[in-house]
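J.: File follows, upload_20.csv with CSV, C-alpha atoms:
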```csv
chain,number,residue,atom,x,y,z
A,1,MET,CA,-13.2,-44.0,16.4
A,2,LYS,CA,-9.8,-42.6,17.3
A,3,VAL,CA,-7.7,-39.8,15.8
A,4,VAL,CA,-4.1,-39.0,16.5
A,5,LEU,CA,-3.3,-35.7,18.1
A,6,GLY,CA,-0.8,-33.1,16.9
A,7,VAL,CA,-0.4,-30.2,19.4
A,8,SER,CA,0.2,-26.9,17.6
A,9,ASN,CA,2.6,-24.6,19.4
A,10,ARG,CA,2.4,-20.9,18.4
A,11,HIS,CA,3.7,-20.4,14.9
A,12,VAL,CA,3.5,-18.1,11.8
A,13,HIS,CA,2.7,-18.6,8.1
A,14,LEU,CA,4.1,-15.9,5.8
A,15,THR,CA,3.9,-14.8,2.2
A,16,LYS,CA,7.1,-14.8,0.2
A,17,GLU,CA,7.0,-11.0,0.1
A,18,THR,CA,6.6,-10.6,3.8
A,19,TYR,CA,9.4,-13.1,4.4
A,20,SER,CA,11.7,-11.2,2.2
A,21,LYS,CA,11.2,-8.1,4.3
A,22,LEU,CA,12.2,-10.0,7.5
A,23,PHE,CA,15.0,-12.3,6.3
A,24,LYS,CA,17.8,-12.1,3.7
A,25,GLU,CA,18.7,-15.8,4.0
A,26,PRO,CA,16.4,-18.4,2.3
A,27,LEU,CA,13.8,-20.4,4.3
A,28,GLU,CA,14.9,-24.0,4.8
A,29,VAL,CA,13.2,-27.2,5.8
A,30,VAL,CA,14.1,-28.6,9.2
A,31,LYS,CA,11.4,-31.2,9.4
A,32,TYR,CA,8.4,-32.2,7.4
A,33,LEU,CA,5.1,-32.2,9.4
A,34,LYS,CA,2.3,-34.8,9.2
A,35,GLN,CA,0.3,-32.6,6.9
A,36,PRO,CA,1.8,-33.1,3.4
A,37,GLY,CA,4.1,-30.4,2.2
A,38,GLN,CA,4.0,-28.5,5.5
A,39,PHE,CA,7.3,-28.1,7.3
A,40,ALA,CA,9.0,-26.7,10.4
A,41,SER,CA,11.5,-24.2,9.0
A,42,ASN,CA,14.9,-23.0,10.3
A,43,LYS,CA,13.6,-19.4,10.9
A,44,PHE,CA,12.0,-17.8,13.9
A,45,VAL,CA,10.4,-14.4,14.4
A,46,THR,CA,9.6,-12.3,17.4
A,47,ILE,CA,5.9,-11.3,17.6
A,48,LYS,CA,5.2,-8.1,19.4
A,49,ASN,CA,2.4,-5.9,20.6
A,50,GLY,CA,3.2,-2.6,22.4
A,51,ASP,CA,6.0,-3.4,24.8
A,52,LYS,CA,5.2,-7.2,25.1
A,53,GLU,CA,6.9,-9.7,22.9
A,54,ILE,CA,7.4,-13.4,22.4
A,55,SER,CA,10.6,-14.6,20.7
A,56,LYS,CA,11.4,-17.8,18.9
A,57,VAL,CA,8.1,-18.2,17.1
A,58,ARG,CA,8.7,-20.7,14.3
A,59,ILE,CA,7.8,-20.0,10.7
A,60,VAL,CA,5.9,-23.0,9.2
A,61,GLY,CA,6.4,-23.3,5.5
A,62,PRO,CA,5.8,-23.4,2.6
A,63,PHE,CA,5.0,-19.7,1.9
A,64,ARG,CA,1.3,-18.9,1.8
A,65,LYS,CA,-1.0,-16.4,0.1
A,66,TYR,CA,-1.5,-14.6,3.4
A,67,ASP,CA,0.4,-13.8,6.6
A,68,GLN,CA,-1.0,-15.5,9.7
A,69,VAL,CA,0.1,-15.7,13.3
A,70,GLU,CA,-1.4,-18.5,15.4
A,71,ILE,CA,-1.1,-18.1,19.1
A,72,SER,CA,-2.9,-19.5,22.2
A,73,ARG,CA,-5.2,-17.5,24.6
A,74,THR,CA,-2.4,-17.8,27.2
A,75,ASP,CA,-0.1,-16.0,24.7
A,76,SER,CA,-2.8,-13.4,23.9
A,77,HIS,CA,-3.2,-12.5,27.5
A,78,TYR,CA,0.6,-12.0,27.8
A,79,LEU,CA,0.7,-9.9,24.6
A,80,LYS,CA,-2.4,-8.0,25.4
A,81,VAL,CA,-4.1,-8.8,22.1
A,82,ASP,CA,-7.6,-10.2,21.7
A,83,PRO,CA,-7.5,-12.5,18.6
A,84,PRO,CA,-10.7,-14.2,17.4
A,85,VAL,CA,-10.9,-18.0,17.2
A,86,ARG,CA,-10.7,-18.7,13.5
A,87,ASP,CA,-10.2,-21.3,10.8
A,88,SER,CA,-6.8,-21.0,9.2
A,89,GLY,CA,-6.8,-18.5,6.4
A,90,ASP,CA,-9.9,-16.6,7.7
A,91,ILE,CA,-8.0,-13.6,8.9
A,92,LYS,CA,-10.3,-10.7,7.9
A,93,ASN,CA,-10.4,-8.2,10.8
A,94,SER,CA,-8.3,-10.5,13.0
A,95,SER,CA,-5.8,-8.9,15.4
A,96,PRO,CA,-2.9,-6.7,14.2
A,97,ILE,CA,0.6,-7.7,15.3
A,98,THR,CA,4.2,-6.8,14.6
A,99,LEU,CA,6.7,-9.4,13.3
A,100,ILE,CA,10.5,-9.0,13.8
A,101,GLY,CA,12.9,-11.1,11.7
A,102,ASP,CA,16.7,-11.2,11.5
A,103,ASP,CA,16.8,-8.4,9.0
A,104,GLY,CA,13.7,-6.4,9.3
A,105,LYS,CA,10.3,-5.9,10.9
A,106,ILE,CA,6.7,-5.5,9.6
A,107,TYR,CA,3.4,-4.4,11.1
A,108,LEU,CA,0.5,-6.5,10.1
A,109,ASN,CA,-2.9,-4.8,10.1
A,110,GLU,CA,-4.5,-8.2,10.7
A,111,GLY,CA,-3.4,-11.8,10.8
A,112,CYS,CA,-3.2,-12.8,14.4
A,113,ILE,CA,-5.7,-15.6,15.3
A,114,ILE,CA,-6.3,-18.4,17.8
A,115,ALA,CA,-6.7,-21.4,15.5
A,116,ASN,CA,-10.0,-23.3,15.9
A,117,ARG,CA,-9.9,-27.0,16.9
A,118,HIS,CA,-9.9,-29.1,13.8
A,119,ILE,CA,-9.3,-32.5,12.2
A,120,HIS,CA,-7.5,-32.9,8.8
A,121,ILE,CA,-9.2,-35.5,6.7
A,122,THR,CA,-9.4,-36.6,3.1
A,123,PRO,CA,-12.7,-37.1,1.2
A,124,GLN,CA,-11.9,-40.8,1.1
A,125,GLU,CA,-11.5,-41.0,4.9
A,126,LEU,CA,-14.8,-39.1,5.3
A,127,LYS,CA,-16.6,-41.9,3.5
A,128,GLN,CA,-14.5,-44.6,5.3
A,129,TYR,CA,-15.5,-43.2,8.7
A,130,HIS,CA,-19.1,-42.4,7.7
A,131,LEU,CA,-18.5,-38.6,8.3
A,132,GLU,CA,-20.1,-37.3,5.1
A,133,ASN,CA,-22.3,-34.3,5.9
A,134,VAL,CA,-20.6,-33.9,9.3
A,135,LYS,CA,-19.3,-30.4,9.9
A,136,LYS,CA,-17.8,-30.8,13.3
A,137,VAL,CA,-17.3,-33.4,16.0
A,138,LYS,CA,-16.6,-33.7,19.7
A,139,ILE,CA,-13.6,-35.3,21.4
A,140,ARG,CA,-13.7,-37.2,24.7
A,141,ILE,CA,-10.7,-37.2,26.9
A,142,ASP,CA,-10.2,-39.4,30.0
A,143,GLY,CA,-8.0,-39.1,33.0
A,144,GLU,CA,-7.8,-36.8,36.0
A,145,LYS,CA,-8.3,-33.8,33.6
A,146,ALA,CA,-11.1,-35.4,31.7
A,147,GLY,CA,-13.8,-33.8,29.6
A,148,ILE,CA,-15.2,-33.1,26.2
A,149,ILE,CA,-13.8,-30.8,23.6
A,150,GLU,CA,-16.5,-29.4,21.3
A,151,ASN,CA,-16.5,-27.4,18.0
A,152,VAL,CA,-13.8,-29.6,16.4
A,153,TYR,CA,-14.2,-28.8,12.7
A,154,LEU,CA,-13.5,-31.2,9.9
A,155,LYS,CA,-11.0,-29.8,7.3
A,156,ILE,CA,-11.4,-31.8,4.2
A,157,ALA,CA,-8.5,-31.8,1.6
A,158,ASP,CA,-7.3,-34.4,-0.9
A,159,SER,CA,-3.8,-34.0,0.4
A,160,SER,CA,-4.1,-34.4,4.1
A,161,SER,CA,-3.2,-36.8,6.9
A,162,PHE,CA,-5.9,-37.8,9.4
A,163,GLU,CA,-4.9,-35.8,12.4
A,164,LEU,CA,-6.5,-33.7,15.2
A,165,HIS,CA,-4.9,-30.3,15.8
A,166,LEU,CA,-5.3,-28.6,19.2
A,167,ASP,CA,-3.4,-25.7,20.5
A,168,THR,CA,-1.2,-25.8,23.7
A,169,ASP,CA,-4.0,-24.4,25.9
A,170,ASP,CA,-6.4,-27.2,25.0
A,171,ALA,CA,-3.7,-29.9,25.2
A,172,ASN,CA,-2.4,-28.7,28.6
A,173,ALA,CA,-5.9,-28.2,30.1
A,174,PHE,CA,-6.7,-31.9,29.2
A,175,ASN,CA,-3.1,-33.1,29.8
A,176,VAL,CA,-2.7,-34.7,26.4
A,177,LYS,CA,0.3,-34.6,24.0
A,178,THR,CA,1.3,-35.1,20.4
A,179,GLU,CA,0.8,-38.7,19.2
A,180,ASP,CA,-2.0,-39.4,21.8
A,181,LYS,CA,-4.9,-41.2,20.2
A,182,LEU,CA,-8.2,-39.4,21.2
A,183,GLU,CA,-11.8,-40.5,20.8
A,184,ILE,CA,-14.3,-38.9,18.5
A,185,ILE,CA,-17.6,-39.2,20.2
A,186,GLU,CA,-20.3,-37.2,18.5
A,187,MET,CA,-20.9,-35.7,15.1
A,188,GLU,CA,-22.9,-32.6,14.4
A,189,GLU,CA,-24.5,-32.6,10.9
A,190,GLU,CA,-24.2,-29.6,8.7
B,1,MET,CA,-27.3,-24.1,38.6
B,2,LYS,CA,-24.5,-21.6,38.1
B,3,VAL,CA,-21.2,-21.0,40.0
B,4,VAL,CA,-18.9,-18.0,39.8
B,5,LEU,CA,-15.4,-18.7,38.4
B,6,GLY,CA,-12.1,-17.7,40.0
B,7,VAL,CA,-9.1,-18.4,37.8
B,8,SER,CA,-6.0,-19.4,39.8
B,9,ASN,CA,-2.7,-18.2,38.4
B,10,ARG,CA,0.4,-20.0,39.6
B,11,HIS,CA,1.0,-19.3,43.3
B,12,VAL,CA,2.7,-20.7,46.5
B,13,HIS,CA,1.6,-21.4,50.1
B,14,LEU,CA,4.3,-21.4,52.7
B,15,THR,CA,4.8,-22.4,56.3
B,16,LYS,CA,6.0,-19.6,58.6
B,17,GLU,CA,9.3,-21.4,59.0
B,18,THR,CA,9.9,-21.6,55.2
B,19,TYR,CA,8.9,-18.0,54.7
B,20,SER,CA,11.4,-16.9,57.3
B,21,LYS,CA,14.2,-18.6,55.4
B,22,LEU,CA,13.2,-16.7,52.2
B,23,PHE,CA,12.3,-13.2,53.5
B,24,LYS,CA,13.4,-11.0,56.4
B,25,GLU,CA,10.5,-8.5,56.0
B,26,PRO,CA,7.0,-9.5,57.2
B,27,LEU,CA,4.3,-10.9,54.9
B,28,GLU,CA,1.6,-8.3,54.3
B,29,VAL,CA,-1.9,-8.4,52.9
B,30,VAL,CA,-2.4,-6.7,49.5
B,31,LYS,CA,-5.9,-7.9,48.8
B,32,TYR,CA,-8.3,-10.4,50.5
B,33,LEU,CA,-9.5,-13.2,48.1
B,34,LYS,CA,-13.1,-14.6,47.9
B,35,GLN,CA,-12.2,-17.5,50.2
B,36,PRO,CA,-12.4,-16.2,53.8
B,37,GLY,CA,-9.0,-15.3,55.3
B,38,GLN,CA,-7.1,-16.0,52.2
B,39,PHE,CA,-5.1,-13.1,50.7
B,40,ALA,CA,-2.8,-12.1,47.9
B,41,SER,CA,0.4,-11.0,49.7
B,42,ASN,CA,3.0,-8.4,48.9
B,43,LYS,CA,5.7,-11.0,48.4
B,44,PHE,CA,6.8,-13.1,45.3
B,45,VAL,CA,9.2,-15.9,44.9
B,46,THR,CA,11.0,-17.4,41.9
B,47,ILE,CA,10.4,-21.0,41.4
B,48,LYS,CA,13.2,-23.0,39.8
B,49,ASN,CA,14.1,-26.4,38.4
B,50,GLY,CA,17.5,-27.0,36.9
B,51,ASP,CA,18.2,-24.0,34.7
B,52,LYS,CA,14.6,-23.1,34.2
B,53,GLU,CA,12.8,-20.6,36.4
B,54,ILE,CA,9.6,-18.5,36.6
B,55,SER,CA,9.8,-15.3,38.6
B,56,LYS,CA,7.1,-13.2,40.3
B,57,VAL,CA,5.1,-16.2,41.7
B,58,ARG,CA,2.9,-14.7,44.4
B,59,ILE,CA,2.7,-16.0,47.9
B,60,VAL,CA,-0.9,-16.5,49.0
B,61,GLY,CA,-1.4,-16.1,52.7
B,62,PRO,CA,-2.0,-16.9,55.5
B,63,PHE,CA,0.8,-19.2,56.4
B,64,ARG,CA,-0.1,-22.9,56.2
B,65,LYS,CA,1.1,-26.2,57.7
B,66,TYR,CA,2.9,-27.2,54.5
B,67,ASP,CA,4.7,-25.7,51.6
B,68,GLN,CA,2.9,-26.0,48.3
B,69,VAL,CA,3.6,-24.6,44.8
B,70,GLU,CA,0.6,-24.7,42.4
B,71,ILE,CA,1.4,-24.4,38.7
B,72,SER,CA,-0.2,-25.1,35.4
B,73,ARG,CA,0.7,-27.9,33.0
B,74,THR,CA,2.0,-25.1,30.7
B,75,ASP,CA,4.3,-24.0,33.5
B,76,SER,CA,5.4,-27.6,34.2
B,77,HIS,CA,6.4,-28.1,30.5
B,78,TYR,CA,8.5,-24.9,30.7
B,79,LEU,CA,10.1,-25.9,34.1
B,80,LYS,CA,10.6,-29.5,33.0
B,81,VAL,CA,8.8,-30.9,36.1
B,82,ASP,CA,6.0,-33.4,36.0
B,83,PRO,CA,3.7,-32.6,39.0
B,84,PRO,CA,0.6,-34.7,39.8
B,85,VAL,CA,-2.9,-33.3,39.6
B,86,ARG,CA,-3.8,-33.0,43.3
B,87,ASP,CA,-6.2,-31.7,45.9
B,88,SER,CA,-4.6,-28.7,47.8
B,89,GLY,CA,-2.7,-30.1,50.8
B,90,ASP,CA,-2.2,-33.5,49.3
B,91,ILE,CA,1.5,-33.1,48.5
B,92,LYS,CA,3.0,-36.5,49.4
B,93,ASN,CA,5.5,-37.6,46.7
B,94,SER,CA,4.6,-34.5,44.6
B,95,SER,CA,7.3,-32.8,42.5
B,96,PRO,CA,10.4,-31.3,44.1
B,97,ILE,CA,11.1,-27.6,43.4
B,98,THR,CA,13.4,-24.8,44.5
B,99,LEU,CA,12.0,-21.5,45.9
B,100,ILE,CA,14.0,-18.2,45.8
B,101,GLY,CA,13.0,-15.3,47.9
B,102,ASP,CA,14.5,-11.8,48.5
B,103,ASP,CA,16.8,-13.1,51.3
B,104,GLY,CA,17.3,-16.8,50.7
B,105,LYS,CA,16.4,-19.9,48.9
B,106,ILE,CA,15.2,-23.4,49.8
B,107,TYR,CA,14.9,-26.7,48.0
B,108,LEU,CA,11.6,-28.5,48.6
B,109,ASN,CA,11.7,-32.3,48.3
B,110,GLU,CA,8.0,-32.3,47.4
B,111,GLY,CA,5.2,-29.7,47.2
B,112,CYS,CA,4.8,-28.8,43.5
B,113,ILE,CA,1.3,-29.8,42.2
B,114,ILE,CA,-1.2,-29.0,39.6
B,115,ALA,CA,-4.3,-28.2,41.6
B,116,ASN,CA,-7.4,-30.2,40.7
B,117,ARG,CA,-10.5,-28.5,39.5
B,118,HIS,CA,-12.7,-27.7,42.5
B,119,ILE,CA,-15.7,-25.8,44.0
B,120,HIS,CA,-15.6,-24.2,47.4
B,121,ILE,CA,-18.9,-24.8,49.1
B,122,THR,CA,-20.4,-24.7,52.7
B,123,PRO,CA,-22.4,-27.6,54.2
B,124,GLN,CA,-25.4,-25.2,54.2
B,125,GLU,CA,-25.0,-24.6,50.4
B,126,LEU,CA,-24.7,-28.3,49.8
B,127,LYS,CA,-28.2,-28.8,51.2
B,128,GLN,CA,-29.5,-25.7,49.5
B,129,TYR,CA,-28.3,-26.9,46.1
B,130,HIS,CA,-29.2,-30.6,46.8
B,131,LEU,CA,-25.6,-31.7,46.4
B,132,GLU,CA,-25.4,-33.9,49.6
B,133,ASN,CA,-23.6,-37.1,48.7
B,134,VAL,CA,-22.1,-35.6,45.6
B,135,LYS,CA,-18.3,-35.9,45.3
B,136,LYS,CA,-17.7,-34.1,42.0
B,137,VAL,CA,-19.6,-32.3,39.2
B,138,LYS,CA,-19.2,-31.4,35.6
B,139,ILE,CA,-19.1,-27.9,34.2
B,140,ARG,CA,-20.6,-27.0,30.8
B,141,ILE,CA,-19.1,-24.1,28.8
B,142,ASP,CA,-20.5,-22.5,25.7
B,143,GLY,CA,-19.0,-20.4,23.0
B,144,GLU,CA,-16.5,-21.1,20.2
B,145,LYS,CA,-14.3,-23.0,22.6
B,146,ALA,CA,-17.2,-25.0,24.2
B,147,GLY,CA,-17.0,-28.2,26.0
B,148,ILE,CA,-17.4,-30.0,29.3
B,149,ILE,CA,-14.9,-29.9,32.2
B,150,GLU,CA,-15.1,-33.1,34.3
B,151,ASN,CA,-13.7,-34.1,37.7
B,152,VAL,CA,-14.6,-30.9,39.5
B,153,TYR,CA,-14.4,-31.8,43.2
B,154,LEU,CA,-16.6,-30.3,45.9
B,155,LYS,CA,-14.5,-28.9,48.7
B,156,ILE,CA,-16.7,-28.5,51.7
B,157,ALA,CA,-15.9,-26.1,54.6
B,158,ASP,CA,-17.9,-24.0,57.0
B,159,SER,CA,-15.9,-21.0,56.1
B,160,SER,CA,-16.0,-20.8,52.3
B,161,SER,CA,-17.5,-18.8,49.5
B,162,PHE,CA,-19.3,-20.6,46.7
B,163,GLU,CA,-16.7,-20.5,43.9
B,164,LEU,CA,-15.3,-22.6,41.1
B,165,HIS,CA,-11.5,-22.7,40.9
B,166,LEU,CA,-9.8,-23.5,37.6
B,167,ASP,CA,-6.2,-23.0,36.6
B,168,THR,CA,-5.1,-20.8,33.8
B,169,ASP,CA,-4.8,-23.8,31.3
B,170,ASP,CA,-8.4,-24.7,31.8
B,171,ALA,CA,-9.6,-21.1,31.7
B,172,ASN,CA,-7.7,-20.3,28.6
B,173,ALA,CA,-8.6,-23.5,26.8
B,174,PHE,CA,-12.3,-22.7,27.3
B,175,ASN,CA,-11.9,-18.9,27.0
B,176,VAL,CA,-13.4,-18.1,30.4
B,177,LYS,CA,-12.3,-15.6,33.0
B,178,THR,CA,-12.7,-14.7,36.7
B,179,GLU,CA,-16.3,-13.6,37.5
B,180,ASP,CA,-17.8,-15.6,34.7
B,181,LYS,CA,-20.8,-17.6,35.8
B,182,LEU,CA,-20.6,-21.2,34.6
B,183,GLU,CA,-23.1,-24.0,34.6
B,184,ILE,CA,-23.0,-27.1,36.7
B,185,ILE,CA,-24.5,-29.9,34.6
B,186,GLU,CA,-24.0,-33.2,36.3
B,187,MET,CA,-23.2,-34.7,39.6
B,188,GLU,CA,-21.4,-37.9,40.4
B,189,GLU,CA,-22.4,-39.5,43.6
B,190,GLU,CA,-19.8,-40.6,46.1
```
Could you rewrite the structure in this file as structure tokens?
T.:
Amino acid sequence: MKVVLGVSNRHVHLTKETYSKLFKEPLEVVKYLKQPGQFASNKFVTIKNGDKEISKVRIVGPFRKYDQVEISRTDSHYLKVDPPVRDSGDIKNSSPITLIGDDGKIYLNEGCIIANRHIHITPQELKQYHLENVKKVKIRIDGEKAGIIENVYLKIADSSSFELHLDTDDANAFNVKTEDKLEIIEMEEE
Amino acid sequence: MKVVLGVSNRHVHLTKETYSKLFKEPLEVVKYLKQPGQFASNKFVTIKNGDKEISKVRIVGPFRKYDQVEISRTDSHYLKVDPPVRDSGDIKNSSPITLIGDDGKIYLNEGCIIANRHIHITPQELKQYHLENVKKVKIRIDGEKAGIIENVYLKIADSSSFELHLDTDDANAFNVKTEDKLEIIEMEEE
């Protein structure tokens, strides 16, 4: 069974309130992503910790109920933060970070994470692929940088497109890219 | 069986001739590395392709018989080069790149690679660990970013220290660091 890959570069999700402290202009859609309703916006923030910062970090819309900054371990070494590997939305006691927009900046007490490896899937697809009761799977990758990626969680939602999300560290370690079709090899029951 | 990890950040190896075109001052030892005779030097180059460059890339000594630039896939995306995954020294038809030193610059027709995953080992250790006739092994990593790293080649030399070398992409994808002890799980015969 194969799943299409989408590589997630560093990005942020913001509440409407936080956004309004960082930007005066409205957030606009540049391109809709595979996951329904999600879009690459026209706005970027700088993320900062101490004297280290990374600019041009894209805001992914729409607005959410929480502020979340998703970075790679490579980014975290550079920024000297130590974020936990988490499911999106699970930000309690995650790393603090500062966001700088065109018109303001804000310090977040928590919100910086490394996103876990996951697959977006609908309940209908779960049945179709016989993945009911499966919590996570493994992905096998061939080639010179071959291997097996474990702890890939199934994220079930009615409105979703069947897609594997890996961060840039995982994608670069295994030399795979967005639109590659990767093999699911093993399921771990709940 | 466990092996200690050394994470290789991007670095360059130079011939004496190439070095002399880039620097007037002599190359000095800052710190000896685990592999006998190898050292982190006091000199850094900028590596450049088109209008993209990465500064502060350390020269690892001593001088070699060839010029070689070892970068990660993450670096290669940034620099817009597409180096092959290669054994150190196997640079034929690898990517061209420009090197800039304190006192000069040079364009290399080839020499930029992504180093393959490898373990330094002596013939004596090969016998001790029952790895004779083994060409490559797999490494198992636990934790939230668990998985299996394949195509880890054994590099046999009388003068070597038993050590696994991974680049920063592999290390960051699996959230491991220098001095971690990792498990060898499977051997592939020659």
J.: From the list A:Glu150, A:Asp102, A:Glu17, A:Asp169, which residue is nearest Met187 (chain A) when using only C-alpha atoms?
T.: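 Closest to Met187 (chain A), using only C-alpha atoms: A:Glu150.
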J.: Residues of chain B near chain A: apply a cut-off of 9 Å, count all atoms listed in the file, and supply the list as a list in words.
T.: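 That gives Ser72, Arg73, Thr74, Val85, Asn116, Arg117, Lys138, Gly143, Glu144, Lys145, Ala146, Gly147, Ile148, Ile149, Glu150, Asn151, Asp167, Thr168, Asp169, Asp170, Ala171, Asn172, Ala173, Phe174 and Asn175 of chain B for chain B.
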J.: So that I can check the surroundings of Glu110 (chain A), please list as a ChimeraX atom specification every protein, DNA and RNA residue that reaches within 10 Å of it, counting only C-alpha atoms and ignoring chain neighbours fewer than 5 positions away.
T.: /A:67-69,83,91-98
J.: Now that the selection is made, can you save its residues with C-alpha atoms as a compact mmCIF listing (two decimals), in the coordinates of the input?
T.:
```
# COMPACT_ATOMS: atom_id res chain seq x y z
CA ASP A 67 0.40 -13.80 6.60
CA GLN A 68 -1.00 -15.50 9.70
CA VAL A 69 0.10 -15.70 13.30
CA PRO A 83 -7.50 -12.50 18.60
CA ILE A 91 -8.00 -13.60 8.90
CA LYS A 92 -10.30 -10.70 7.90
CA ASN A 93 -10.40 -8.20 10.80
CA SER A 94 -8.30 -10.50 13.00
CA SER A 95 -5.80 -8.90 15.40
CA PRO A 96 -2.90 -6.70 14.20
CA ILE A 97 0.60 -7.70 15.30
CA THR A 98 4.20 -6.80 14.60
```
J.: Nearest to Gly37 (chain B): which of B:Val12, B:Asn49, B:Asn133, B:Val60 is it, counting all atoms listed in the file?
T.: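 Ranked by minimum distance to Gly37 (chain B), first place goes to B:Val60.
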J.: For region 4-9 of chain A, list every protein, DNA or RNA residue within 10 Å, evaluated using only C-alpha atoms, and leave out those in the same chain fewer than 6 positions away; present the list as a PyMOL selection string.
T.: chain A and resi 33-34+57-58+70-72+115+119+161-172+176-183
J.: Can you measure CA of Gln35 (chain B) to CA of Ser160 (chain B) for me? One decimal in Å is fine.
T.: 5.5 Å
J.: Let me make sure I understand: among A:Ile54, A:Ile156, A:Tyr129, A:Val30, which one has the smallest atom-to-atom distance to Lys2 (chain A) if we use all atoms listed in the file?
T.: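 Between A:Ile54, A:Ile156, A:Tyr129, A:Val30, the residue approaching Lys2 (chain A) most closely is A:Tyr129.
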J.: CA of Glu125 (chain B) to CA of Ser88 (chain B): how many Å, to one decimal?
T.: 21.0 Å
J.: Please indicate the distance in Å from CA of Glu25 (chain A) to CA of Ser41 (chain A), rounded to one decimal place.
T.: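 So the answer is 12.1 Å.
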